[in-house]
Amino acid sequence: MSKLLSAQQERVRSPLYRPAFLRLWLGLMFSRVGDQLTVVALIWFVLQLTGSGIAIGLIVLCFQLPAVVASPLMGSLLDRYQPRTIMAVDNFGRACIIAAIPLLYLTGALHLWMVYVLALCSGVLSPASSVGLNIIVPKIVPDGELERANSLAAISWDFSALIGPAIAGFLIIFMGAPLVLLVDALSFLLMGAMVLALPRIQRSHTQDEGVGAGKRAGNLFGFGTLFRMQTVFLLSTLTLLFLFMQGLTEVAIPVYSQKTLGAGSAAYGLLMTAFSAGSLLSLALISQRWTKSRRQGITLAAILLLSGLTLAPLVVIHTLPLALIVMGLAGLAAAPYYVMEQSITQRLVPERVRGQIFGARGALNVAGYPLGGMVGGVLLGTLGVPFAFATAVLLCLLMGVICLIAPVIRGLRQL
């Protein structure tokens with residue numbers, strides 16, 4: 001009987017039993033799968049038009065680069081106005097932008113420069129939802145469910161990365177790359193409707209005044225506020241470095257597959273799938289145990305140390321089956337980091353400046369992954385694959401040690 005009651009209580013504590021979060025999560029699932037369809041379809045379309053790797057790189061840059069400027073701006077808007085309104089404008093706006101590409105294509109009016117311009121416009125709007133998520137989630141779930149809610153949000157990323165490219169590949173065969181974008185446009189319309197159905201966030205008069213004060217104090221769209229919050233700034237720096245490490249590793253994987261394993265693109269795809277599967281499994285089944293820890297600073301350090309140690313065998317492994325196991329374990333170890341770091345930061349940041357802080361963090365974090373990829377490319381070209389992996393491992397271990405020796409991180413506890 002007691003076990004039955006315990007199971008029922010556990011079920012009730014799931015954020016998915018809260019209608020507002022369930023609607024938001026379903027919207028995220030559809031929208032992020034749609035995003036994957038667009039990335040694959042648009043890259044394939046540009047490749048067919050130009051046959052140029054530079055053109056492909058430019059389209060990816062057009063989607064990502066605007067976030068550096070737009071994230072802090074969106075953060076300030078989210079602090080001033082209702083997040084559901086800003087997020088709805090983002091999703092409905094991107095639905096129109098993405099739908100414009102196939103519509104122009106069908107009328108014969110589409111030119112390559114238009115694709116770049118539309119991708120830039122989509123990139124400008126996109127931070128509204130990613131930053132807004134960090135504001136909305138703590139308001140629609142109780143504090144004790146925050147880690148679970150963030151885990152579920154992260155699952156939508158990994159799930160879409162796991163199935164989205166494969167779905168896109170088949171849809172491109174049957175529909176053609178431009179028409180696949182209409183599916184993403186529909187997913188944005190669905191997400192916009194789900195966001196509008198979220199409850200209105202109530203702000204007191206003193207909180208509204210605090211927003212104005214926070215804006216004046218947080219000069220440069222929240223960067224000043226971020227730099228003055230020592231613990232949050234250090235956590236943000238660790239996340240920037242973690243993204244840098246993952247960018248470095250992801251660039252090394254295809255070269256590792258080709259030169260070290262002596263395999264081809266299929267092996268490369270399997271290695272990436274193994275990492276995504278491990279990450280998804282961790283978020284679904286394991287990360288909740290990590291995030292329940294009261295000594296969150298120590299747990300964060302343990303996650304970083306394990307992430308480095310599980311990746312380390314790739315320096316010496318030369319067979320595909322063992323490499324697949326290592327990649328799965330690396331995904332399993334790394335996935336809880338973002339959930340825990342995000343939840344800690346959400347609790348540390350005052351509600352009145354949460355948009356500013358996460359907007360500034362978004363601008364910084366955008367740089368981490370491509371910088372890691374760029375440095376990884378240099379290391380691969382000069383020192384080889386083992387040194388690139390060793391650099392990623394040492395960086396991850398160093399971050400874990402920083403968490404252990406920095407009092408503001410080591411002392412973090414969940415009340």
# chains A, B, ... in the order shown; residues from 1 in each chain; ligands from 1
>>> residues_around(residues="A:Phe45", least_positions_apart="3", cutoff="7 Å", atoms="only C-alpha atoms", output="PyMOL selection string")
chain A and resi 41-42+48-49+177-178
>>> write_last_selection(atoms="N, CA and C atoms", output="mmCIF file, in the first residue's frame")
data_model
loop_
_atom_site.group_PDB
_atom_site.id
_atom_site.type_symbol
_atom_site.label_atom_id
_atom_site.label_comp_id
_atom_site.auth_asym_id
_atom_site.auth_seq_id
_atom_site.Cartn_x
_atom_site.Cartn_y
_atom_site.Cartn_z
ATOM 1 N N ALA A 41 16.689 20.238 -44.638
ATOM 2 C CA ALA A 41 16.106 20.529 -45.951
ATOM 3 C C ALA A 41 16.735 21.767 -46.580
ATOM 4 N N LEU A 42 16.966 22.794 -45.771
ATOM 5 C CA LEU A 42 17.510 24.030 -46.324
ATOM 6 C C LEU A 42 18.971 23.851 -46.741
ATOM 7 N N GLN A 48 22.055 21.830 -53.467
ATOM 8 C CA GLN A 48 21.605 21.551 -54.825
ATOM 9 C C GLN A 48 21.723 22.779 -55.724
ATOM 10 N N LEU A 49 21.430 23.951 -55.155
ATOM 11 C CA LEU A 49 21.489 25.182 -55.941
ATOM 12 C C LEU A 49 22.911 25.585 -56.283
ATOM 13 N N ALA A 177 13.001 19.383 -51.141
ATOM 14 C CA ALA A 177 13.500 20.136 -49.988
ATOM 15 C C ALA A 177 12.677 21.374 -49.657
ATOM 16 N N PRO A 178 12.289 22.216 -50.639
ATOM 17 C CA PRO A 178 11.553 23.438 -50.261
ATOM 18 C C PRO A 178 10.227 23.158 -49.564
#
>>> select_by_dssp(residues="stretch 120-261 of chain A", states="alpha helix (DSSP H)", output="VMD selection string")
chain A and resid 120 to 125 127 to 140 146 to 175 177 to 196 205 to 217 223 to 228 230 to 255
>>> residues_around(residues="A:Gly308", least_positions_apart="2", cutoff="8 Å", atoms="only C-alpha atoms", output="tab-separated table (two decimals) with N, CA and C atoms, in the first residue's frame")
chain	number	residue	atom	x	y	z
A	304	LEU	N	30.88	16.96	-14.54
A	304	LEU	CA	31.95	17.41	-15.43
A	304	LEU	C	33.13	16.43	-15.43
A	305	LEU	N	33.50	15.95	-14.25
A	305	LEU	CA	34.61	14.99	-14.17
A	305	LEU	C	34.27	13.69	-14.90
A	306	LEU	N	33.05	13.19	-14.72
A	306	LEU	CA	32.64	11.98	-15.42
A	306	LEU	C	32.57	12.19	-16.93
A	310	THR	N	34.73	9.70	-19.26
A	310	THR	CA	34.08	8.80	-20.22
A	310	THR	C	34.54	9.07	-21.65
A	311	LEU	N	34.93	10.32	-21.93
A	311	LEU	CA	35.41	10.67	-23.27
A	311	LEU	C	36.86	10.25	-23.49
A	312	ALA	N	37.62	10.12	-22.42
A	312	ALA	CA	39.07	9.88	-22.51
A	312	ALA	C	39.46	8.63	-23.30
A	392	ALA	N	39.95	18.18	-25.19
A	392	ALA	CA	38.56	18.22	-24.71
A	392	ALA	C	38.45	17.56	-23.34
A	393	VAL	N	39.13	16.44	-23.15
A	393	VAL	CA	39.09	15.72	-21.87
A	393	VAL	C	39.69	16.58	-20.75
A	394	LEU	N	40.86	17.15	-21.00
A	394	LEU	CA	41.54	17.97	-19.99
A	394	LEU	C	40.72	19.20	-19.64
A	395	LEU	N	40.08	19.80	-20.63
A	395	LEU	CA	39.24	20.98	-20.37
A	395	LEU	C	38.07	20.61	-19.48
A	396	CYS	N	37.44	19.48	-19.75
A	396	CYS	CA	36.29	19.03	-18.95
A	396	CYS	C	36.73	18.74	-17.51
A	397	LEU	N	37.86	18.05	-17.35
A	397	LEU	CA	38.36	17.76	-16.01
A	397	LEU	C	38.72	19.04	-15.26
>>> atom_distance(atom1="atom CA of A:Leu186", atom2="atom CA of A:Ala95")
6.8 Å
>>> closest_residue(among="A:Val46, A:Ala406, A:Ile201, A:Leu383", to="A:Thr231", atoms="only C-alpha atoms")
A:Ala406
>>> residues_around(residues="stretch 156-169 of chain A", least_positions_apart="4", cutoff="6 Å", atoms="only C-alpha atoms", output="number ranges by chain")
A: 29, 32-33, 36-37, 280
>>> closest_residue(among="A:Ser307, A:Gln64, A:Asn134, A:Asn365", to="A:Leu120", atoms="only C-alpha atoms")
A:Gln64
>>> closest_residue(among="A:Phe358, A:Tyr337, A:Trp44, A:Phe30", to="A:Met74", atoms="only C-alpha atoms")
A:Phe358
>>> residues_around(residues="A:Leu110", least_positions_apart="5", cutoff="12 Å", atoms="only C-alpha atoms", output="short mmCIF file (atom, residue, chain, number, x, y, z; two decimals) with C-alpha atoms, in the first residue's frame")
data_model
loop_
_atom_site.label_atom_id
_atom_site.label_comp_id
_atom_site.auth_asym_id
_atom_site.auth_seq_id
_atom_site.Cartn_x
_atom_site.Cartn_y
_atom_site.Cartn_z
CA PHE A 45 18.40 22.82 -51.03
CA VAL A 46 21.30 25.28 -50.93
CA LEU A 49 21.49 25.18 -55.94
CA ALA A 100 7.86 32.24 -47.49
CA ILE A 101 10.75 30.11 -48.86
CA PRO A 102 8.65 27.30 -50.41
CA LEU A 103 5.96 29.76 -51.51
CA LEU A 104 8.52 31.89 -53.36
CA TYR A 105 10.02 28.71 -54.79
CA VAL A 115 17.09 32.54 -48.55
CA TYR A 116 19.94 34.21 -46.67
CA VAL A 117 17.82 37.24 -45.76
CA LEU A 118 14.93 35.08 -44.53
CA PRO A 178 11.55 23.44 -50.26
#
>>> closest_residue(among="A:Val349, A:Ala149, A:Val39, A:Ala363", to="A:Leu73", atoms="only C-alpha atoms")
A:Ala363
>>> residues_around(residues="A:Arg354", least_positions_apart="5", cutoff="10 Å", atoms="only C-alpha atoms", output="NGL selection string")
:A and (75-76 or 78-79 or 131-132 or 134-135 or 211 or 214 or 222 or 345-349 or 359-360)
>>> write_last_selection(atoms="N, CA and C atoms", output="tab-separated table (two decimals), in the first residue's frame")
chain	number	residue	atom	x	y	z
A	75	GLY	N	15.80	39.31	-24.20
A	75	GLY	CA	15.76	39.19	-22.75
A	75	GLY	C	15.16	40.40	-22.08
A	76	SER	N	15.55	41.58	-22.54
A	76	SER	CA	14.99	42.82	-21.98
A	76	SER	C	13.49	42.94	-22.26
A	78	LEU	N	11.42	40.46	-22.70
A	78	LEU	CA	10.72	39.45	-21.89
A	78	LEU	C	10.57	39.89	-20.44
A	79	ASP	N	11.50	40.72	-19.95
A	79	ASP	CA	11.36	41.27	-18.59
A	79	ASP	C	10.30	42.36	-18.54
A	131	VAL	N	15.08	31.97	-24.68
A	131	VAL	CA	15.22	32.75	-23.45
A	131	VAL	C	13.92	32.73	-22.66
A	132	GLY	N	12.80	32.84	-23.37
A	132	GLY	CA	11.50	32.86	-22.70
A	132	GLY	C	11.21	31.58	-21.94
A	134	ASN	N	13.23	29.89	-20.16
A	134	ASN	CA	13.85	29.98	-18.84
A	134	ASN	C	13.05	30.87	-17.88
A	135	ILE	N	12.19	31.71	-18.41
A	135	ILE	CA	11.35	32.56	-17.58
A	135	ILE	C	10.01	31.88	-17.28
A	211	VAL	N	12.16	45.90	-12.49
A	211	VAL	CA	12.57	45.69	-13.87
A	211	VAL	C	13.25	46.92	-14.41
A	214	GLY	N	16.50	47.24	-12.73
A	214	GLY	CA	17.41	46.24	-13.26
A	214	GLY	C	17.92	46.62	-14.63
A	222	GLY	N	21.88	43.66	-19.96
A	222	GLY	CA	21.99	42.57	-19.00
A	222	GLY	C	23.40	42.08	-18.75
A	345	THR	N	20.79	28.17	-11.99
A	345	THR	CA	20.79	29.57	-12.41
A	345	THR	C	19.40	30.17	-12.30
A	346	GLN	N	18.37	29.42	-12.69
A	346	GLN	CA	17.00	29.92	-12.59
A	346	GLN	C	16.65	30.28	-11.15
A	347	ARG	N	17.15	29.49	-10.20
A	347	ARG	CA	16.87	29.78	-8.79
A	347	ARG	C	17.68	30.97	-8.27
A	348	LEU	N	18.90	31.13	-8.78
A	348	LEU	CA	19.78	32.19	-8.29
A	348	LEU	C	19.39	33.57	-8.82
A	349	VAL	N	18.84	33.62	-10.03
A	349	VAL	CA	18.57	34.91	-10.68
A	349	VAL	C	17.22	35.45	-10.21
A	359	GLY	N	19.19	36.31	-21.49
A	359	GLY	CA	19.47	36.89	-22.80
A	359	GLY	C	20.96	37.10	-23.00
A	360	ALA	N	21.62	37.65	-21.97
A	360	ALA	CA	23.08	37.85	-22.05
A	360	ALA	C	23.80	36.50	-22.14
>>> atom_distance(atom1="atom CA of A:Leu380", atom2="atom CA of A:Met327")
19.0 Å
>>> residues_around(residues="A:Val89", least_positions_apart="4", cutoff="12 Å", atoms="only C-alpha atoms", output="PyMOL selection string")
chain A and resi 74+77-78+82-85+93-97+122+124-129+132+188-189+191-193+195-196
>>> write_last_selection(atoms="C-alpha atoms", output="PDB file, in the first residue's frame")
ATOM      1  CA  MET A  74      14.788  39.662 -26.395  1.00  0.00           C
ATOM      2  CA  LEU A  77      11.646  42.612 -23.809  1.00  0.00           C
ATOM      3  CA  LEU A  78      10.722  39.453 -21.895  1.00  0.00           C
ATOM      4  CA  GLN A  82       4.350  39.156 -21.031  1.00  0.00           C
ATOM      5  CA  PRO A  83       6.672  36.294 -22.081  1.00  0.00           C
ATOM      6  CA  ARG A  84       3.832  34.411 -23.752  1.00  0.00           C
ATOM      7  CA  THR A  85       3.190  37.410 -26.038  1.00  0.00           C
ATOM      8  CA  GLY A  93       6.725  35.376 -37.209  1.00  0.00           C
ATOM      9  CA  ARG A  94       9.028  32.439 -37.937  1.00  0.00           C
ATOM     10  CA  ALA A  95       6.085  30.467 -39.358  1.00  0.00           C
ATOM     11  CA  CYS A  96       5.607  33.239 -41.939  1.00  0.00           C
ATOM     12  CA  ILE A  97       9.347  33.521 -42.638  1.00  0.00           C
ATOM     13  CA  SER A 122      14.420  33.821 -38.480  1.00  0.00           C
ATOM     14  CA  VAL A 124      16.752  37.341 -35.056  1.00  0.00           C
ATOM     15  CA  LEU A 125      13.432  36.045 -33.678  1.00  0.00           C
ATOM     16  CA  SER A 126      14.568  32.623 -32.435  1.00  0.00           C
ATOM     17  CA  PRO A 127      16.117  33.697 -29.078  1.00  0.00           C
ATOM     18  CA  ALA A 128      12.704  34.867 -27.836  1.00  0.00           C
ATOM     19  CA  SER A 129      11.533  31.289 -27.271  1.00  0.00           C
ATOM     20  CA  GLY A 132      11.495  32.859 -22.704  1.00  0.00           C
ATOM     21  CA  PHE A 188       5.711  27.044 -35.455  1.00  0.00           C
ATOM     22  CA  LEU A 189       1.982  27.807 -35.734  1.00  0.00           C
ATOM     23  CA  MET A 191       3.931  26.223 -30.862  1.00  0.00           C
ATOM     24  CA  GLY A 192       2.548  29.772 -31.097  1.00  0.00           C
ATOM     25  CA  ALA A 193      -0.944  28.519 -30.213  1.00  0.00           C
ATOM     26  CA  VAL A 195       2.357  29.539 -25.976  1.00  0.00           C
ATOM     27  CA  LEU A 196      -0.700  31.808 -26.154  1.00  0.00           C
TER      28      LEU A 196
END
>>> atom_distance(atom1="atom CA of A:Pro66", atom2="atom CA of A:Leu146")
29.2 Å
>>> closest_residue(among="A:Val69, A:Val385, A:Val60, A:Leu112", to="A:Leu314", atoms="only C-alpha atoms")
A:Val385
